[in-house]
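Chemist: If it helps, the file is called target08.txt and holds compact mmCIF, C-alpha atoms:
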# COMPACT_ATOMS: atom_id res chain seq x y z
CA MET A 4 -91.24 116.65 -260.80
CA PRO A 5 -91.36 115.09 -257.30
CA VAL A 6 -89.44 116.80 -254.52
CA ALA A 7 -87.08 115.06 -252.10
CA ASP A 8 -88.78 113.05 -249.37
CA LYS A 9 -87.22 115.23 -246.68
CA ILE A 10 -88.47 118.43 -248.30
CA ALA A 11 -91.93 116.96 -248.73
CA GLY A 12 -92.01 116.17 -245.01
CA TYR A 13 -90.74 119.64 -244.11
CA ILE A 14 -93.39 121.30 -246.27
CA GLU A 15 -96.07 119.48 -244.32
CA LYS A 16 -94.53 120.38 -240.95
CA SER A 17 -94.12 124.05 -241.78
CA SER A 18 -97.44 124.60 -243.50
CA TRP A 19 -99.59 126.04 -240.70
CA ILE A 20 -99.22 129.69 -241.64
CA ARG A 21 -99.61 128.81 -245.32
CA LYS A 22 -102.74 126.77 -244.57
CA MET A 23 -104.26 129.62 -242.59
CA PHE A 24 -103.45 132.10 -245.36
CA GLU A 25 -105.24 129.88 -247.89
CA GLU A 26 -108.21 129.53 -245.55
CA GLY A 27 -108.29 133.30 -245.19
CA GLU A 28 -108.44 133.74 -248.95
CA LYS A 29 -111.51 131.48 -249.08
CA LEU A 30 -113.23 133.32 -246.25
CA ARG A 31 -112.51 136.74 -247.76
CA LYS A 32 -114.10 135.69 -251.04
CA GLU A 33 -117.14 134.31 -249.25
CA PHE A 34 -117.78 137.00 -246.62
CA GLY A 35 -115.75 140.03 -247.75
CA ALA A 36 -112.36 141.20 -246.51
CA ASP A 37 -113.84 143.47 -243.82
CA LYS A 38 -115.55 140.51 -242.14
CA VAL A 39 -112.45 138.30 -241.87
CA TYR A 40 -110.01 138.82 -238.99
CA ASP A 41 -106.59 137.59 -240.05
CA PHE A 42 -104.00 137.45 -237.25
CA THR A 43 -101.66 134.93 -238.91
CA LEU A 44 -98.77 136.81 -240.52
CA GLY A 45 -96.02 138.81 -238.84
CA ASN A 46 -96.06 141.26 -241.73
CA PRO A 47 -95.93 144.90 -240.52
CA ASP A 48 -98.94 146.96 -241.55
CA VAL A 49 -97.17 150.29 -240.90
CA GLU A 50 -95.15 152.23 -243.44
CA PRO A 51 -91.40 152.93 -243.09
CA PRO A 52 -90.55 156.05 -241.05
CA LYS A 53 -90.24 159.39 -242.82
CA ALA A 54 -86.46 159.37 -242.34
CA PHE A 55 -86.23 156.32 -244.59
CA ASN A 56 -88.26 157.96 -247.36
CA ASP A 57 -86.17 161.12 -247.06
CA GLU A 58 -82.95 159.12 -247.49
CA PHE A 59 -84.47 157.19 -250.38
CA LEU A 60 -85.47 160.38 -252.19
CA LYS A 61 -82.09 161.99 -251.57
CA LEU A 62 -80.24 159.01 -253.05
CA ALA A 63 -82.60 158.80 -256.04
CA GLN A 64 -82.09 162.48 -256.84
CA ALA A 65 -78.30 162.36 -256.43
CA PRO A 66 -77.19 158.80 -257.30
CA ILE A 67 -73.67 157.77 -256.36
CA PRO A 68 -71.62 156.60 -259.35
CA GLY A 69 -71.21 152.82 -259.24
CA MET A 70 -73.74 152.43 -256.44
CA HIS A 71 -75.36 149.35 -258.01
CA ARG A 72 -72.14 147.39 -258.54
CA TYR A 73 -70.77 144.51 -256.48
CA MET A 74 -69.04 145.41 -253.27
CA ASN A 75 -67.04 143.51 -250.66
CA ASN A 76 -69.01 140.38 -249.74
CA ALA A 77 -69.31 141.68 -246.18
CA GLY A 78 -70.99 144.86 -247.41
CA TYR A 79 -70.11 148.54 -247.54
CA LEU A 80 -67.65 149.42 -244.81
CA GLU A 81 -69.43 152.72 -244.07
CA THR A 82 -72.65 150.81 -243.34
CA ARG A 83 -70.85 148.20 -241.25
CA ASN A 84 -69.13 151.00 -239.32
CA ALA A 85 -72.51 152.64 -238.64
CA VAL A 86 -73.87 149.36 -237.26
CA ALA A 87 -70.72 148.89 -235.18
CA ARG A 88 -71.02 152.37 -233.63
CA MET A 89 -74.60 151.65 -232.61
CA LEU A 90 -73.65 148.27 -231.11
CA SER A 91 -70.64 149.76 -229.33
CA ALA A 92 -72.90 152.30 -227.62
CA ALA A 93 -75.38 149.58 -226.65
CA SER A 94 -72.79 147.15 -225.30
CA ASP A 95 -70.02 149.44 -224.00
CA LEU A 96 -67.62 147.29 -226.01
CA PRO A 97 -65.42 148.31 -228.97
CA VAL A 98 -67.35 146.66 -231.82
CA GLN A 99 -65.57 147.19 -235.15
CA GLY A 100 -67.07 147.44 -238.62
CA THR A 101 -64.93 144.47 -239.58
CA GLN A 102 -66.98 142.41 -237.07
CA VAL A 103 -70.19 143.07 -239.02
CA VAL A 104 -71.49 141.41 -242.20
CA MET A 105 -74.47 142.91 -244.01
CA THR A 106 -76.91 140.13 -244.97
CA CYS A 107 -80.16 139.34 -246.77
CA GLY A 108 -82.30 139.74 -243.67
CA ALA A 109 -82.07 137.91 -240.36
CA GLY A 110 -82.82 134.60 -242.07
CA GLY A 111 -79.80 135.08 -244.29
CA ALA A 112 -77.71 136.05 -241.28
CA LEU A 113 -78.75 132.93 -239.33
CA ASN A 114 -77.88 130.67 -242.23
CA VAL A 115 -74.50 132.35 -242.65
CA VAL A 116 -73.66 131.90 -238.96
CA LEU A 117 -74.78 128.27 -238.89
CA LYS A 118 -72.84 127.39 -242.04
CA THR A 119 -69.79 129.06 -240.55
CA ILE A 120 -69.77 127.16 -237.25
CA LEU A 121 -71.49 123.78 -237.76
CA ASN A 122 -69.90 120.44 -238.52
CA PRO A 123 -72.25 117.58 -239.46
CA GLY A 124 -73.98 116.26 -236.35
CA ASP A 125 -73.33 119.33 -234.22
CA GLU A 126 -76.23 120.25 -231.96
CA VAL A 127 -78.01 123.61 -231.75
CA ILE A 128 -80.29 124.31 -228.79
CA ILE A 129 -83.54 126.11 -229.66
CA LEU A 130 -85.91 127.34 -226.98
CA THR A 131 -89.56 126.34 -227.14
CA PRO A 132 -91.71 128.02 -228.32
CA PHE A 133 -89.54 128.99 -231.29
CA PHE A 134 -89.69 130.42 -234.80
CA VAL A 135 -90.39 127.32 -236.87
CA GLU A 136 -87.71 128.00 -239.50
CA TYR A 137 -84.93 127.44 -236.92
CA ARG A 138 -85.28 123.68 -237.37
CA PHE A 139 -84.86 123.94 -241.12
CA TYR A 140 -81.99 126.43 -241.01
CA ILE A 141 -80.09 124.09 -238.68
CA ASP A 142 -80.75 121.13 -240.96
CA ASN A 143 -79.53 123.16 -243.95
CA HIS A 144 -76.01 122.94 -242.52
CA GLY A 145 -75.97 119.41 -241.15
CA GLY A 146 -76.85 120.35 -237.58
CA VAL A 147 -79.26 118.72 -235.16
CA PRO A 148 -81.87 120.88 -233.37
CA VAL A 149 -82.31 120.20 -229.64
CA GLU A 150 -85.55 121.64 -228.25
CA VAL A 151 -85.54 122.95 -224.67
CA TRP A 152 -88.69 124.43 -223.16
CA THR A 153 -88.71 127.85 -221.58
CA ASP A 154 -90.75 128.25 -218.38
CA ARG A 155 -94.28 127.32 -219.45
CA GLU A 156 -95.90 130.05 -217.34
CA THR A 157 -93.59 133.00 -218.05
CA PHE A 158 -91.71 131.90 -221.20
CA GLN A 159 -88.49 133.08 -219.54
CA LEU A 160 -85.31 131.03 -219.99
CA ASP A 161 -85.06 127.84 -217.92
CA LEU A 162 -81.32 128.02 -217.25
CA PRO A 163 -81.02 124.63 -215.47
CA ALA A 164 -82.79 122.94 -218.40
CA ILE A 165 -80.46 124.64 -220.88
CA GLY A 166 -77.44 123.54 -218.85
CA ASP A 167 -78.71 119.95 -218.75
CA ALA A 168 -79.19 119.95 -222.55
CA ILE A 169 -75.63 121.04 -223.34
CA THR A 170 -73.39 118.20 -224.45
CA VAL A 171 -69.97 117.90 -226.04
CA LYS A 172 -71.79 118.18 -229.40
CA THR A 173 -73.49 121.50 -228.56
CA ARG A 174 -72.18 124.16 -230.90
CA ALA A 175 -74.77 126.92 -230.51
CA ILE A 176 -77.84 128.18 -228.64
CA ILE A 177 -80.37 130.38 -230.44
CA ILE A 178 -82.31 132.93 -228.40
CA CYS A 179 -84.84 135.50 -229.61
CA SER A 180 -85.66 138.60 -227.56
CA PRO A 181 -88.21 140.14 -227.84
CA ASN A 182 -89.48 136.72 -228.68
CA ASN A 183 -91.46 135.40 -231.60
CA PRO A 184 -94.07 134.08 -230.76
CA THR A 185 -94.37 135.12 -227.08
CA GLY A 186 -93.24 138.76 -227.04
CA VAL A 187 -91.19 138.32 -223.84
CA ILE A 188 -87.88 140.11 -223.28
CA TYR A 189 -85.09 138.28 -221.50
CA PRO A 190 -83.81 140.63 -218.75
CA ALA A 191 -80.16 141.40 -218.10
CA GLU A 192 -79.90 139.12 -215.08
CA THR A 193 -81.20 136.18 -217.12
CA LEU A 194 -78.71 136.82 -219.92
CA ALA A 195 -75.94 137.09 -217.33
CA GLY A 196 -77.04 133.73 -215.94
CA LEU A 197 -77.01 132.25 -219.43
CA GLY A 198 -73.47 133.54 -219.91
CA GLU A 199 -72.41 131.84 -216.68
CA VAL A 200 -74.03 128.53 -217.69
CA VAL A 201 -72.38 128.60 -221.09
CA ALA A 202 -68.95 129.55 -219.73
CA ALA A 203 -69.09 126.78 -217.12
CA LYS A 204 -70.05 124.19 -219.74
CA GLU A 205 -67.34 125.37 -222.13
CA LYS A 206 -64.77 124.92 -219.37
CA GLU A 207 -66.17 121.53 -218.33
CA LEU A 208 -66.38 120.11 -221.87
CA GLY A 209 -63.43 121.88 -223.47
CA THR A 210 -65.66 123.27 -226.23
CA GLN A 211 -66.82 126.63 -227.57
CA ILE A 212 -70.55 127.39 -227.67
CA CYS A 213 -71.94 130.30 -229.67
CA VAL A 214 -75.03 132.09 -228.36
CA ILE A 215 -76.86 133.44 -231.41
CA SER A 216 -79.22 136.27 -230.50
CA ASP A 217 -81.97 136.69 -233.12
CA GLU A 218 -83.11 140.31 -232.71
CA PRO A 219 -85.41 141.62 -235.47
CA TYR A 220 -87.76 143.02 -232.79
CA ALA A 221 -85.08 144.62 -230.60
CA ARG A 222 -86.39 148.17 -231.17
CA ILE A 223 -90.02 147.18 -230.61
CA SER A 224 -90.42 147.16 -226.84
CA TYR A 225 -93.10 148.60 -224.56
CA ASP A 226 -93.70 150.24 -221.22
CA GLY A 227 -90.21 151.72 -221.13
CA LYS A 228 -88.49 148.32 -221.16
CA LYS A 229 -85.19 147.95 -222.96
CA VAL A 230 -83.66 144.93 -224.69
CA PRO A 231 -80.27 144.16 -223.10
CA ASN A 232 -77.33 143.72 -225.46
CA ILE A 233 -76.10 140.11 -225.46
CA PHE A 234 -72.45 141.16 -225.95
CA ARG A 235 -72.39 142.44 -222.35
CA TYR A 236 -73.20 139.00 -220.94
CA VAL A 237 -71.90 136.27 -223.28
CA SER A 238 -68.39 136.39 -224.70
CA ASN A 239 -68.94 133.96 -227.58
CA SER A 240 -72.05 135.60 -229.00
CA VAL A 241 -73.37 136.78 -232.34
CA ILE A 242 -76.28 139.11 -233.06
CA VAL A 243 -78.38 138.41 -236.15
CA THR A 244 -81.10 140.84 -237.11
CA SER A 245 -82.91 142.67 -239.88
CA HIS A 246 -84.69 145.95 -240.50
CA SER A 247 -87.88 144.13 -241.50
CA LYS A 248 -89.70 145.11 -238.33
CA ASP A 249 -88.01 148.21 -236.88
CA LEU A 250 -88.02 150.07 -240.23
CA ALA A 251 -90.98 148.12 -241.72
CA LEU A 252 -88.89 146.83 -244.64
CA PRO A 253 -89.61 143.08 -244.75
CA GLY A 254 -89.62 142.96 -248.54
CA GLU A 255 -86.20 144.58 -248.85
CA ARG A 256 -84.32 141.73 -247.12
CA ILE A 257 -81.72 143.87 -245.37
CA GLY A 258 -80.06 142.84 -242.12
CA TYR A 259 -76.71 141.97 -240.60
CA LEU A 260 -74.76 139.71 -238.32
CA ALA A 261 -72.31 141.06 -235.77
CA ALA A 262 -69.81 139.14 -233.65
CA SER A 263 -68.89 140.13 -230.12
CA PRO A 264 -65.40 141.62 -229.96
CA ARG A 265 -64.85 139.28 -226.98
CA MET A 266 -65.43 136.15 -229.08
CA ASN A 267 -62.55 133.68 -229.11
CA ASP A 268 -60.69 134.06 -232.44
CA VAL A 269 -63.26 136.55 -233.72
CA ASP A 270 -61.21 137.34 -236.83
CA ARG A 271 -61.30 133.71 -237.93
CA PHE A 272 -65.07 133.59 -237.38
CA MET A 273 -65.54 136.70 -239.49
CA GLU A 274 -63.41 135.23 -242.26
CA GLY A 275 -65.71 132.20 -242.27
CA ALA A 276 -68.86 134.33 -242.19
CA VAL A 277 -67.82 136.43 -245.18
CA PHE A 278 -66.96 133.26 -247.11
CA SER A 279 -70.28 131.64 -246.16
CA ASN A 280 -72.24 134.75 -247.19
CA ARG A 281 -70.75 134.35 -250.65
CA VAL A 282 -71.02 130.62 -251.20
CA LEU A 283 -74.57 130.34 -249.86
CA GLY A 284 -75.53 132.48 -252.84
CA PHE A 285 -76.44 135.62 -250.96
CA VAL A 286 -73.13 137.10 -252.25
CA ASN A 287 -73.92 140.39 -250.53
CA ALA A 288 -76.89 142.27 -249.11
CA PRO A 289 -78.83 144.61 -251.45
CA ALA A 290 -76.60 147.57 -252.28
CA LEU A 291 -79.30 150.24 -252.26
CA MET A 292 -80.68 149.17 -248.89
CA GLN A 293 -77.21 149.08 -247.35
CA ARG A 294 -76.73 152.73 -248.24
CA LEU A 295 -80.17 153.72 -246.96
CA VAL A 296 -80.00 152.04 -243.54
CA ALA A 297 -76.51 153.29 -242.70
CA GLY A 298 -77.89 156.54 -241.30
CA LEU A 299 -80.97 154.96 -239.69
CA GLN A 300 -79.43 152.83 -236.95
CA HIS A 301 -81.27 154.77 -234.24
CA VAL A 302 -84.57 155.16 -236.12
CA SER A 303 -87.69 153.03 -235.74
CA VAL A 304 -91.34 152.89 -236.67
CA ASP A 305 -93.87 154.33 -234.23
CA ILE A 306 -93.83 151.89 -231.30
CA ASN A 307 -96.86 153.54 -229.69
CA ALA A 308 -99.09 152.31 -232.51
CA TYR A 309 -98.11 148.70 -231.80
CA GLN A 310 -98.51 149.17 -228.05
CA GLN A 311 -102.05 150.48 -228.53
CA LYS A 312 -102.94 147.38 -230.55
CA ARG A 313 -101.38 145.12 -227.94
CA ASP A 314 -103.36 146.77 -225.18
CA ILE A 315 -106.69 146.62 -227.04
CA LEU A 316 -106.35 142.89 -227.69
CA TYR A 317 -104.72 141.95 -224.39
CA ASP A 318 -107.33 143.79 -222.31
CA ALA A 319 -110.25 142.46 -224.35
CA LEU A 320 -109.11 138.84 -224.47
CA THR A 321 -108.05 138.55 -220.84
CA GLY A 322 -111.39 140.14 -219.96
CA LEU A 323 -113.05 137.28 -221.84
CA GLY A 324 -111.07 134.70 -219.88
CA PHE A 325 -108.16 133.94 -222.21
CA GLU A 326 -104.90 133.37 -220.32
CA MET A 327 -101.61 134.78 -221.62
CA VAL A 328 -98.35 136.49 -220.74
CA LYS A 329 -98.47 140.21 -221.48
CA PRO A 330 -95.77 140.77 -224.11
CA ASP A 331 -92.96 143.24 -223.48
CA GLY A 332 -92.17 143.66 -227.17
CA ALA A 333 -92.52 142.38 -230.75
CA PHE A 334 -96.12 142.23 -232.01
CA TYR A 335 -97.49 138.86 -230.94
CA LEU A 336 -99.72 137.42 -228.23
CA PHE A 337 -99.33 133.74 -227.33
CA PRO A 338 -102.35 132.70 -225.23
CA LYS A 339 -103.10 129.29 -223.82
CA SER A 340 -105.62 127.39 -225.89
CA PRO A 341 -108.90 127.01 -223.99
CA LEU A 342 -109.15 123.57 -225.61
CA ALA A 343 -106.56 120.88 -224.96
CA ASP A 344 -106.14 120.54 -228.73
CA ASP A 345 -104.86 123.89 -230.02
CA ILE A 346 -105.40 122.81 -233.63
CA GLU A 347 -109.06 122.09 -232.91
CA PHE A 348 -109.37 125.49 -231.24
CA VAL A 349 -107.88 127.26 -234.27
CA LYS A 350 -110.37 125.43 -236.50
CA MET A 351 -113.19 126.54 -234.20
CA ALA A 352 -111.97 130.14 -234.46
CA GLN A 353 -112.25 129.94 -238.25
CA LYS A 354 -116.02 129.47 -237.88
CA HIS A 355 -116.03 132.99 -236.41
CA ARG A 356 -113.75 134.14 -239.27
CA ILE A 357 -110.80 134.60 -236.88
CA LEU A 358 -107.56 133.30 -238.35
CA LEU A 359 -104.85 132.19 -235.90
CA VAL A 360 -101.78 129.93 -235.88
CA PRO A 361 -101.72 126.93 -233.52
CA GLY A 362 -98.92 126.69 -230.98
CA ALA A 363 -97.96 123.35 -232.54
CA GLY A 364 -96.50 125.41 -235.38
CA PHE A 365 -93.97 126.81 -232.89
CA GLY A 366 -93.21 123.52 -231.15
CA ALA A 367 -95.68 124.42 -228.38
CA PRO A 368 -99.00 122.54 -228.50
CA GLY A 369 -101.61 123.96 -226.16
CA PHE A 370 -101.11 127.60 -227.20
CA PHE A 371 -101.91 129.77 -230.21
CA ARG A 372 -100.34 132.86 -231.77
CA ILE A 373 -101.99 136.18 -232.58
CA ALA A 374 -100.04 138.62 -234.79
CA TYR A 375 -101.37 142.10 -234.05
CA CYS A 376 -99.30 143.95 -236.66
CA VAL A 377 -102.59 144.59 -238.45
CA ASP A 378 -104.97 147.47 -238.96
CA LYS A 379 -106.30 148.79 -235.65
CA ALA A 380 -109.80 149.04 -237.11
CA MET A 381 -109.72 145.33 -237.95
CA ILE A 382 -108.77 144.52 -234.37
CA GLU A 383 -111.73 146.55 -233.12
CA ARG A 384 -114.11 144.94 -235.62
CA SER A 385 -112.95 141.49 -234.49
CA LEU A 386 -113.89 141.92 -230.82
CA PRO A 387 -117.52 140.72 -231.12
CA ALA A 388 -116.28 137.61 -232.95
CA TRP A 389 -113.80 136.96 -230.13
CA GLN A 390 -116.65 137.29 -227.66
CA GLU A 391 -118.70 134.71 -229.55
CA LEU A 392 -115.70 132.37 -229.73
CA ALA A 393 -115.09 132.73 -225.99
CA ARG A 394 -118.70 131.78 -225.27
CA GLU A 395 -118.44 128.73 -227.52
CA VAL A 396 -115.39 127.37 -225.69
CA GLY A 397 -116.89 128.02 -222.27
CA LEU A 398 -115.03 131.16 -221.20
CA ALA A 399 -116.57 134.21 -219.59
CA GLY A 400 -117.37 135.85 -222.94
Could you write out this file's structure as structure tokens?
Modeler:
Amino acid sequence: MPVADKIAGYIEKSSWIRKMFEEGEKLRKEFGADKVYDFTLGNPDVEPPKAFNDEFLKLAQAPIPGMHRYMNNAGYLETRNAVARMLSAASDLPVQGTQVVMTCGAGGALNVVLKTILNPGDEVIILTPFFVEYRFYIDNHGGVPVEVWTDRETFQLDLPAIGDAITVKTRAIIICSPNNPTGVIYPAETLAGLGEVVAAKEKELGTQICVISDEPYARISYDGKKVPNIFRYVSNSVIVTSHSKDLALPGERIGYLAASPRMNDVDRFMEGAVFSNRVLGFVNAPALMQRLVAGLQHVSVDINAYQQKRDILYDALTGLGFEMVKPDGAFYLFPKSPLADDIEFVKMAQKHRILLVPGAGFGAPGFFRIAYCVDKAMIERSLPAWQELAREVGLAG
């Protein structure tokens, strides 16, 4: 059966990671898995922390009666309260459990928020380079994505450009810190500046603009840097996140959305979010995972392991002449392509059995993404191939 024309077009636009995965399968069959260096997927290679397994075992050995039944569409109140306590400590604001909805991952949370706030034709600003699914999530709910570049050298927010892009139709701005694909963290002063820009535009246009902070990497930061809490700096803000990265649970699809207690008419927003969670078909987040993560709001995987991998690749590749911003968090590098055509460069890398994703897949031609959430030994095995690739493109390798 043919699919809708729009979906067919979207499949083609979003296929870079899928294409690279398929290419990787071919190369692994031809050369063996240990001779293929796959940096395409942001799929954590680490196991969940011991505290998660301990909680899992405890619950399995002493199951709670009725623990697999439906619950309130917003989720278990004890879990929402646990999230709220953590966010209250991070923001110095009185976040309530009733301002939290447990969701099927950050993707589910984003769709719930967008369905709640968007009317057809409303605009949502996304900051280039961006997670490719943002475009499709916005379209799901009748919105129009408006792409605004970050600073092309630092990938920090370009506040004047964001201000210029805001119109009377702007309903939301999506930010991601630490960022996928660049790994940068937006510092407190930048978020404060964003709050000022948004507040001024709201006053000028007589509208309300929601800053949606997508934060699945918020606990993965390096060199002692911290991720500032958006609630401190933007009144009309919502956090969407998951435990896919910080607890290494991507397959469990457990996350949440949380509204700032300073949001205008926050109770009405929450009413809409709970309704949207239900009618989108998520109904509620997985019951078992909700119970397990309630006590793990201050737990994370070993960040040092990711930092070691970052440093190995960053030091080796910059030593070969690749140019890039050193990431403050997440587990991606986003170097400049040494060829003007990033797609051609990625194809060239395949000849050396290095699998990458072109920047075009993130709205940013001229760059490429490396996901280093992979086995450290594979990173080390890949270094001679990187050296050969650098020589081929005329770098110092």
Chemist: Would you pick out the contacts of Val39 (chain A) at 9 Å or less, using all atoms listed in the file, so that residues sharing its chain but fewer than 3 positions from it are not included, and give the list as a list in words?
Modeler: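 The residues that qualify are Gly27, Leu30, Arg31, Phe34, Gly35, Ala36, His355, Arg356, Ile357, Leu358, Met381 and Ser385 of chain A.
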Chemist: Excluding region 215-232 of chain A and any residue of its chain fewer than 6 positions from it, enumerate the residues within 9 Å of it, using only C-alpha atoms, and give them as a PyMOL selection string.
Modeler: chain A and resi 90+93-94+108-109+113+116+175-183+186+188-191+194+239-249+258+301-307+309-310+330-334
Chemist: Create the file for the chosen residues now, containing C-alpha atoms and written as a PDB file, in the frame of the given file.
Modeler:
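Below is the file that was written, out_21.pdb:
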ATOM      1  CA  LEU A  90     -73.650 148.270-231.110  1.00  0.00           C
ATOM      2  CA  ALA A  93     -75.380 149.580-226.650  1.00  0.00           C
ATOM      3  CA  SER A  94     -72.790 147.150-225.300  1.00  0.00           C
ATOM      4  CA  GLY A 108     -82.300 139.740-243.670  1.00  0.00           C
ATOM      5  CA  ALA A 109     -82.070 137.910-240.360  1.00  0.00           C
ATOM      6  CA  LEU A 113     -78.750 132.930-239.330  1.00  0.00           C
ATOM      7  CA  VAL A 116     -73.660 131.900-238.960  1.00  0.00           C
ATOM      8  CA  ALA A 175     -74.770 126.920-230.510  1.00  0.00           C
ATOM      9  CA  ILE A 176     -77.840 128.180-228.640  1.00  0.00           C
ATOM     10  CA  ILE A 177     -80.370 130.380-230.440  1.00  0.00           C
ATOM     11  CA  ILE A 178     -82.310 132.930-228.400  1.00  0.00           C
ATOM     12  CA  CYS A 179     -84.840 135.500-229.610  1.00  0.00           C
ATOM     13  CA  SER A 180     -85.660 138.600-227.560  1.00  0.00           C
ATOM     14  CA  PRO A 181     -88.210 140.140-227.840  1.00  0.00           C
ATOM     15  CA  ASN A 182     -89.480 136.720-228.680  1.00  0.00           C
ATOM     16  CA  ASN A 183     -91.460 135.400-231.600  1.00  0.00           C
ATOM     17  CA  GLY A 186     -93.240 138.760-227.040  1.00  0.00           C
ATOM     18  CA  ILE A 188     -87.880 140.110-223.280  1.00  0.00           C
ATOM     19  CA  TYR A 189     -85.090 138.280-221.500  1.00  0.00           C
ATOM     20  CA  PRO A 190     -83.810 140.630-218.750  1.00  0.00           C
ATOM     21  CA  ALA A 191     -80.160 141.400-218.100  1.00  0.00           C
ATOM     22  CA  LEU A 194     -78.710 136.820-219.920  1.00  0.00           C
ATOM     23  CA  ASN A 239     -68.940 133.960-227.580  1.00  0.00           C
ATOM     24  CA  SER A 240     -72.050 135.600-229.000  1.00  0.00           C
ATOM     25  CA  VAL A 241     -73.370 136.780-232.340  1.00  0.00           C
ATOM     26  CA  ILE A 242     -76.280 139.110-233.060  1.00  0.00           C
ATOM     27  CA  VAL A 243     -78.380 138.410-236.150  1.00  0.00           C
ATOM     28  CA  THR A 244     -81.100 140.840-237.110  1.00  0.00           C
ATOM     29  CA  SER A 245     -82.910 142.670-239.880  1.00  0.00           C
ATOM     30  CA  HIS A 246     -84.690 145.950-240.500  1.00  0.00           C
ATOM     31  CA  SER A 247     -87.880 144.130-241.500  1.00  0.00           C
ATOM     32  CA  LYS A 248     -89.700 145.110-238.330  1.00  0.00           C
ATOM     33  CA  ASP A 249     -88.010 148.210-236.880  1.00  0.00           C
ATOM     34  CA  GLY A 258     -80.060 142.840-242.120  1.00  0.00           C
ATOM     35  CA  HIS A 301     -81.270 154.770-234.240  1.00  0.00           C
ATOM     36  CA  VAL A 302     -84.570 155.160-236.120  1.00  0.00           C
ATOM     37  CA  SER A 303     -87.690 153.030-235.740  1.00  0.00           C
ATOM     38  CA  VAL A 304     -91.340 152.890-236.670  1.00  0.00           C
ATOM     39  CA  ASP A 305     -93.870 154.330-234.230  1.00  0.00           C
ATOM     40  CA  ILE A 306     -93.830 151.890-231.300  1.00  0.00           C
ATOM     41  CA  ASN A 307     -96.860 153.540-229.690  1.00  0.00           C
ATOM     42  CA  TYR A 309     -98.110 148.700-231.800  1.00  0.00           C
ATOM     43  CA  GLN A 310     -98.510 149.170-228.050  1.00  0.00           C
ATOM     44  CA  PRO A 330     -95.770 140.770-224.110  1.00  0.00           C
ATOM     45  CA  ASP A 331     -92.960 143.240-223.480  1.00  0.00           C
ATOM     46  CA  GLY A 332     -92.170 143.660-227.170  1.00  0.00           C
ATOM     47  CA  ALA A 333     -92.520 142.380-230.750  1.00  0.00           C
ATOM     48  CA  PHE A 334     -96.120 142.230-232.010  1.00  0.00           C
TER      49      PHE A 334
END
Chemist: Take CA of Ile373 (chain A) and CA of Ala11 (chain A) and report the distance between them in Å, one decimal.
Modeler: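 Interatomic distance here is 27.0 Å.
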Chemist: Could you tell me how far CA of Tyr317 (chain A) lies from CA of Asp345 (chain A), in Å and to one decimal?
Modeler: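 Computing the Euclidean distance for CA of Tyr317 (chain A) and CA of Asp345 (chain A) yields 18.9 Å.
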Chemist: Measure the distance from CA of Leu392 (chain A) to CA of Ser340 (chain A) in Å and round it to one decimal.
Modeler: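 Going from CA of Leu392 (chain A) over to CA of Ser340 (chain A) covers 11.9 Å.
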Chemist: When you count all atoms listed in the file, which of these residues is closest to Arg271 (chain A): A:Ile10, A:Ile120, A:Met351, A:Val147?
Modeler: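 Going through A:Ile10, A:Ile120, A:Met351, A:Val147 one by one, the smallest distance to Arg271 (chain A) is for A:Ile120.
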Chemist: Can you work out which one of A:Phe272, A:Phe325, A:Phe348, A:Tyr335 has the shortest atom-to-atom distance to Pro47 (chain A), counting only C-alpha atoms?
Modeler: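 Selected residue with least distance to Pro47 (chain A): A:Tyr335.
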Chemist: Out of A:Tyr375, A:Phe285, A:Phe278, A:Trp389, which residue has the shortest atom-to-atom distance to Asp48 (chain A) when counting all atoms listed in the file?
Modeler: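 Among the listed residues, the smallest separation from Asp48 (chain A) belongs to A:Tyr375.
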Chemist: Write out as a compact mmCIF listing (two decimals) with C-alpha atoms, in the coordinates of the input the residues lying within 12 Å of Ala164 (chain A), counting only C-alpha atoms and excluding same-chain residues fewer than 2 positions away.
Modeler:
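Listed below is the output, part.txt:
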# COMPACT_ATOMS: atom_id res chain seq x y z
CA ILE A 128 -80.29 124.31 -228.79
CA ILE A 129 -83.54 126.11 -229.66
CA LEU A 130 -85.91 127.34 -226.98
CA THR A 131 -89.56 126.34 -227.14
CA VAL A 149 -82.31 120.20 -229.64
CA GLU A 150 -85.55 121.64 -228.25
CA VAL A 151 -85.54 122.95 -224.67
CA TRP A 152 -88.69 124.43 -223.16
CA THR A 153 -88.71 127.85 -221.58
CA ASP A 154 -90.75 128.25 -218.38
CA GLN A 159 -88.49 133.08 -219.54
CA LEU A 160 -85.31 131.03 -219.99
CA ASP A 161 -85.06 127.84 -217.92
CA LEU A 162 -81.32 128.02 -217.25
CA GLY A 166 -77.44 123.54 -218.85
CA ASP A 167 -78.71 119.95 -218.75
CA ALA A 168 -79.19 119.95 -222.55
CA ILE A 169 -75.63 121.04 -223.34
CA LEU A 197 -77.01 132.25 -219.43
CA VAL A 200 -74.03 128.53 -217.69
Chemist: Which residues are near Arg138 (chain A)? Cut-off 12 Å, all atoms listed in the file, ignore same chain within fewer than 3 positions. Put them as a VMD selection string.
Modeler: chain A and resid 13 16 to 17 113 to 114 117 126 to 135 141 to 150 177 364 to 366
Chemist: Determine the nearest neighbour of Asn56 (chain A) from the options A:Ile346, A:Met266, A:Met292, A:Ala85, counting only C-alpha atoms.
Modeler: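 Of the candidates, the smallest distance to Asn56 (chain A) is held by A:Met292.
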Chemist: Counting only C-alpha atoms, which residues have an atom no more than 12 Å from (-115.4, 140.9, -232.1) in the file's coordinates? Please list them as a count of residues only.
Modeler: 28
Chemist: Could you give me, as a PyMOL selection string, the residues within 10 Å of Ala63 (chain A), counting all atoms listed in the file and dropping anything in the same chain fewer than 5 positions from it?
Modeler: chain A and resi 57-58+291
